[in-house]
Amino acid sequence: MLLAESVGTYHGTDISEKMIKIARGKVAETCLANLSFEAHPALEGIYPHDGLDAVMAFNLLHLLRDIPATLDAARAALRPGGLFITKTPCLKDANWKIGLVLKLIPLAQKLGKAPYVQSFTVAAFDRMIEAAGFEIVESGNHPVSPPARYVVARAI
């Protein structure tokens, strides 16, 4: 909602119907006509399209099995020079306490209490973004531990 007044159109997606319902409810309380929302899996959210100015993915990529395919889809959807903006945890660079929690994830998954989660380093994440045809123009770790990598990358 905060970005809506600064853009021509804004289309948001989430796998959760409940989250989409909340977003649509907030839109109904405003007079913003340039917002739309849909529920579907991540790769379907970047539908065949070209010429988008920006694609954003927050707290998502570490939950996907095929990050390179998602990055490729984002790149294909962008106009040359368009921006990919993301923030995702890089769990392999986490401290030992988080490492202990991560060891419990397979058990929680078997019990149906945790989603699929990938662990990778900040350096590996940056390499994936660059390999997909992006130039990283700004990045940082916020918070520092475990690092949640914030990246703004330009489609080249």
# chains A, B, ... in the order shown; residues from 1 in each chain; ligands from 1
>>> residues_around(residues="Leu60 of chain A", least_positions_apart="6", cutoff="10 Å", atoms="only C-alpha atoms", output="list in words")
Asp14, Ala42, Ile67, Thr86, Lys87, Thr88, Pro89 and Val117 of chain A
>>> select_by_dssp(residues="segment 68-134 of chain A", states="helix (DSSP H, G or I)", output="JSON, numbers by chain")
{"A": [68, 69, 70, 71, 72, 73, 74, 75, 76, 77, 91, 92, 93, 96, 97, 98, 99, 100, 101, 102, 105, 106, 107, 108, 109, 110, 122, 123, 124, 125, 126, 127, 128, 129, 130, 131]}
>>> closest_atom_pairs(of="segment 46-97 of chain A", to="segment 126-140 of chain A", cutoff="8 Å", atoms="only C-alpha atoms", output="JSON lines")
{"residue": "A:Ile67", "atom": "CA", "partner": "A:Met128", "partner_atom": "CA", "distance": 7.9}
{"residue": "A:Pro68", "atom": "CA", "partner": "A:Met128", "partner_atom": "CA", "distance": 6.5}
{"residue": "A:Leu71", "atom": "CA", "partner": "A:Ala132", "partner_atom": "CA", "distance": 5.9}
{"residue": "A:Asp72", "atom": "CA", "partner": "A:Ala132", "partner_atom": "CA", "distance": 5.5}
{"residue": "A:Arg75", "atom": "CA", "partner": "A:Gly133", "partner_atom": "CA", "distance": 6.9}
>>> write_last_selection(atoms="N, CA, C and O atoms", output="mmCIF file, in the first residue's frame")
data_model
loop_
_atom_site.group_PDB
_atom_site.id
_atom_site.type_symbol
_atom_site.label_atom_id
_atom_site.label_comp_id
_atom_site.auth_asym_id
_atom_site.auth_seq_id
_atom_site.Cartn_x
_atom_site.Cartn_y
_atom_site.Cartn_z
ATOM 1 N N ILE A 67 15.493 -22.006 -7.009
ATOM 2 C CA ILE A 67 15.739 -20.563 -6.997
ATOM 3 C C ILE A 67 16.192 -20.069 -8.365
ATOM 4 O O ILE A 67 15.691 -19.049 -8.841
ATOM 5 N N PRO A 68 17.116 -20.755 -9.052
ATOM 6 C CA PRO A 68 17.523 -20.260 -10.371
ATOM 7 C C PRO A 68 16.351 -20.106 -11.346
ATOM 8 O O PRO A 68 16.296 -19.134 -12.101
ATOM 9 N N LEU A 71 14.537 -16.931 -10.416
ATOM 10 C CA LEU A 71 15.319 -15.760 -10.830
ATOM 11 C C LEU A 71 15.265 -15.574 -12.345
ATOM 12 O O LEU A 71 15.152 -14.445 -12.834
ATOM 13 N N ASP A 72 15.314 -16.671 -13.095
ATOM 14 C CA ASP A 72 15.203 -16.589 -14.554
ATOM 15 C C ASP A 72 13.843 -16.024 -14.960
ATOM 16 O O ASP A 72 13.750 -15.203 -15.881
ATOM 17 N N ARG A 75 13.815 -12.327 -14.267
ATOM 18 C CA ARG A 75 14.621 -11.622 -15.274
ATOM 19 C C ARG A 75 13.851 -11.513 -16.591
ATOM 20 O O ARG A 75 13.831 -10.458 -17.233
#
>>> select_by_dssp(residues="segment 2-148 of chain A", states="strand (DSSP E)", output="ChimeraX atom specification")
/A:10-14,35-39,52-58,78-89,134-141,148
>>> closest_residue(among="A:Leu83, A:Arg154, A:Leu3, A:Pro146", to="Asn95 of chain A", atoms="only C-alpha atoms")
A:Pro146
>>> closest_residue(among="A:Ala33, A:Ile20, A:Val151, A:Val55", to="Gly81 of chain A", atoms="only C-alpha atoms")
A:Val55
>>> residues_around(residues="Val122 of chain A", least_positions_apart="5", cutoff="8 Å", atoms="only C-alpha atoms", output="NGL selection string")
:A and (90 or 93 or 147 or 149)
>>> write_last_selection(atoms="all heavy atoms", output="short mmCIF file (atom, residue, chain, number, x, y, z; two decimals), in the first residue's frame")
data_model
loop_
_atom_site.label_atom_id
_atom_site.label_comp_id
_atom_site.auth_asym_id
_atom_site.auth_seq_id
_atom_site.Cartn_x
_atom_site.Cartn_y
_atom_site.Cartn_z
N CYS A 90 19.92 -15.93 4.59
CA CYS A 90 21.02 -16.78 4.11
C CYS A 90 21.47 -17.60 5.31
O CYS A 90 22.37 -17.23 6.06
CB CYS A 90 22.14 -15.91 3.54
SG CYS A 90 21.64 -15.02 2.07
N ASP A 93 25.02 -18.84 6.74
CA ASP A 93 25.87 -17.87 7.42
C ASP A 93 25.35 -17.53 8.82
O ASP A 93 25.84 -16.60 9.46
CB ASP A 93 25.99 -16.58 6.59
CG ASP A 93 26.87 -16.75 5.37
OD1 ASP A 93 27.77 -17.61 5.38
OD2 ASP A 93 26.66 -16.02 4.38
N PRO A 147 22.00 -13.52 8.69
CA PRO A 147 21.91 -12.51 7.65
C PRO A 147 20.66 -12.67 6.78
O PRO A 147 20.41 -13.74 6.23
CB PRO A 147 23.18 -12.70 6.83
CG PRO A 147 23.66 -14.07 7.15
CD PRO A 147 23.13 -14.42 8.51
N ARG A 149 19.60 -11.21 3.53
CA ARG A 149 20.26 -10.50 2.44
C ARG A 149 19.26 -9.64 1.68
O ARG A 149 18.28 -10.14 1.12
CB ARG A 149 20.92 -11.49 1.49
CG ARG A 149 21.80 -10.87 0.44
CD ARG A 149 23.01 -10.25 1.05
NE ARG A 149 24.01 -9.90 0.05
CZ ARG A 149 25.02 -9.12 0.33
NH1 ARG A 149 25.17 -8.62 1.54
NH2 ARG A 149 25.91 -8.85 -0.59
#
>>> residues_around(residues="Tyr116 of chain A", least_positions_apart="4", cutoff="12 Å", atoms="only C-alpha atoms", output="ChimeraX atom specification")
/A:60-66,102,105-110,112
>>> write_last_selection(atoms="all heavy atoms", output="tab-separated table (two decimals), in the first residue's frame")
chain	number	residue	atom	x	y	z
A	60	LEU	N	11.00	-15.16	0.59
A	60	LEU	CA	10.44	-16.20	-0.26
A	60	LEU	C	11.47	-17.17	-0.81
A	60	LEU	O	11.28	-18.38	-0.76
A	60	LEU	CB	9.69	-15.54	-1.44
A	60	LEU	CG	9.32	-16.45	-2.59
A	60	LEU	CD1	8.17	-17.36	-2.16
A	60	LEU	CD2	8.94	-15.65	-3.81
A	61	LEU	N	12.56	-16.66	-1.35
A	61	LEU	CA	13.45	-17.49	-2.15
A	61	LEU	C	14.01	-18.69	-1.41
A	61	LEU	O	14.17	-19.77	-1.98
A	61	LEU	CB	14.56	-16.64	-2.76
A	61	LEU	CG	14.07	-15.56	-3.73
A	61	LEU	CD1	15.21	-14.70	-4.21
A	61	LEU	CD2	13.30	-16.16	-4.89
A	62	HIS	N	14.30	-18.55	-0.13
A	62	HIS	CA	14.85	-19.68	0.64
A	62	HIS	C	13.83	-20.81	0.83
A	62	HIS	O	14.19	-21.90	1.23
A	62	HIS	CB	15.38	-19.21	1.99
A	62	HIS	CG	14.33	-18.72	2.92
A	62	HIS	ND1	13.58	-17.59	2.67
A	62	HIS	CD2	13.88	-19.22	4.10
A	62	HIS	CE1	12.72	-17.41	3.65
A	62	HIS	NE2	12.88	-18.39	4.52
A	63	LEU	N	12.57	-20.53	0.49
A	63	LEU	CA	11.51	-21.54	0.63
A	63	LEU	C	11.22	-22.28	-0.68
A	63	LEU	O	10.36	-23.15	-0.71
A	63	LEU	CB	10.22	-20.88	1.13
A	63	LEU	CG	10.35	-20.16	2.48
A	63	LEU	CD1	9.06	-19.42	2.80
A	63	LEU	CD2	10.73	-21.13	3.59
A	64	LEU	N	11.94	-21.93	-1.73
A	64	LEU	CA	11.70	-22.52	-3.05
A	64	LEU	C	12.73	-23.60	-3.35
A	64	LEU	O	13.90	-23.48	-2.99
A	64	LEU	CB	11.74	-21.45	-4.13
A	64	LEU	CG	10.75	-20.31	-3.97
A	64	LEU	CD1	10.95	-19.29	-5.08
A	64	LEU	CD2	9.32	-20.83	-3.95
A	65	ARG	N	12.31	-24.61	-4.08
A	65	ARG	CA	13.23	-25.69	-4.46
A	65	ARG	C	14.13	-25.30	-5.63
A	65	ARG	O	15.23	-25.79	-5.75
A	65	ARG	CB	12.44	-26.95	-4.80
A	65	ARG	CG	11.75	-27.53	-3.60
A	65	ARG	CD	11.08	-28.85	-3.91
A	65	ARG	NE	10.30	-29.32	-2.79
A	65	ARG	CZ	10.80	-29.99	-1.75
A	65	ARG	NH1	12.07	-30.30	-1.72
A	65	ARG	NH2	10.02	-30.36	-0.77
A	66	ASP	N	13.66	-24.41	-6.50
A	66	ASP	CA	14.42	-24.06	-7.70
A	66	ASP	C	14.57	-22.54	-7.79
A	66	ASP	O	13.87	-21.87	-8.54
A	66	ASP	CB	13.73	-24.61	-8.95
A	66	ASP	CG	14.63	-24.58	-10.17
A	66	ASP	OD1	15.69	-23.91	-10.14
A	66	ASP	OD2	14.27	-25.21	-11.18
A	102	LEU	N	18.05	-25.13	12.81
A	102	LEU	CA	17.95	-25.65	11.45
A	102	LEU	C	18.03	-27.17	11.41
A	102	LEU	O	17.42	-27.81	10.55
A	102	LEU	CB	19.03	-25.05	10.56
A	102	LEU	CG	18.89	-23.56	10.25
A	102	LEU	CD1	20.10	-23.06	9.49
A	102	LEU	CD2	17.62	-23.29	9.49
A	105	ILE	N	14.63	-28.81	11.54
A	105	ILE	CA	13.67	-28.60	10.44
A	105	ILE	C	13.26	-29.91	9.77
A	105	ILE	O	12.07	-30.12	9.54
A	105	ILE	CB	14.19	-27.56	9.43
A	105	ILE	CG1	14.12	-26.17	10.08
A	105	ILE	CG2	13.39	-27.60	8.14
A	105	ILE	CD1	14.65	-25.05	9.23
A	106	PRO	N	14.18	-30.84	9.45
A	106	PRO	CA	13.72	-32.08	8.81
A	106	PRO	C	12.68	-32.84	9.64
A	106	PRO	O	11.71	-33.37	9.10
A	106	PRO	CB	15.01	-32.89	8.64
A	106	PRO	CG	16.09	-31.86	8.56
A	106	PRO	CD	15.64	-30.77	9.50
A	107	LEU	N	12.85	-32.87	10.95
A	107	LEU	CA	11.87	-33.53	11.81
A	107	LEU	C	10.53	-32.78	11.75
A	107	LEU	O	9.47	-33.40	11.59
A	107	LEU	CB	12.37	-33.59	13.25
A	107	LEU	CG	11.38	-34.15	14.28
A	107	LEU	CD1	10.98	-35.58	13.92
A	107	LEU	CD2	11.95	-34.07	15.68
A	108	ALA	N	10.59	-31.46	11.85
A	108	ALA	CA	9.36	-30.66	11.78
A	108	ALA	C	8.67	-30.84	10.42
A	108	ALA	O	7.44	-30.87	10.34
A	108	ALA	CB	9.68	-29.19	12.04
A	109	GLN	N	9.46	-30.98	9.36
A	109	GLN	CA	8.87	-31.22	8.03
A	109	GLN	C	8.15	-32.56	7.98
A	109	GLN	O	7.06	-32.66	7.43
A	109	GLN	CB	9.96	-31.15	6.95
A	109	GLN	CG	10.48	-29.75	6.73
A	109	GLN	CD	11.74	-29.71	5.89
A	109	GLN	OE1	12.53	-30.66	5.87
A	109	GLN	NE2	11.95	-28.60	5.19
A	110	LYS	N	8.77	-33.59	8.54
A	110	LYS	CA	8.15	-34.92	8.57
A	110	LYS	C	6.83	-34.90	9.34
A	110	LYS	O	5.91	-35.65	9.03
A	110	LYS	CB	9.10	-35.95	9.16
A	110	LYS	CG	10.21	-36.33	8.22
A	110	LYS	CD	11.14	-37.36	8.82
A	110	LYS	CE	12.26	-37.63	7.83
A	110	LYS	NZ	13.24	-38.57	8.35
A	112	GLY	N	4.90	-32.36	9.32
A	112	GLY	CA	4.02	-31.42	8.64
A	112	GLY	C	3.97	-30.05	9.29
A	112	GLY	O	3.02	-29.28	9.09
>>> closest_residue(among="A:Leu32, A:Met19, A:Ala123, A:Ala153", to="Ala74 of chain A", atoms="only C-alpha atoms")
A:Ala153
>>> closest_residue(among="A:Ser36, A:Arg79, A:Pro143, A:Lys18", to="Ala4 of chain A", atoms="only C-alpha atoms")
A:Ser36
>>> closest_residue(among="A:Leu100, A:Leu111, A:Leu52, A:His11", to="Pro80 of chain A", atoms="only C-alpha atoms")
A:Leu52
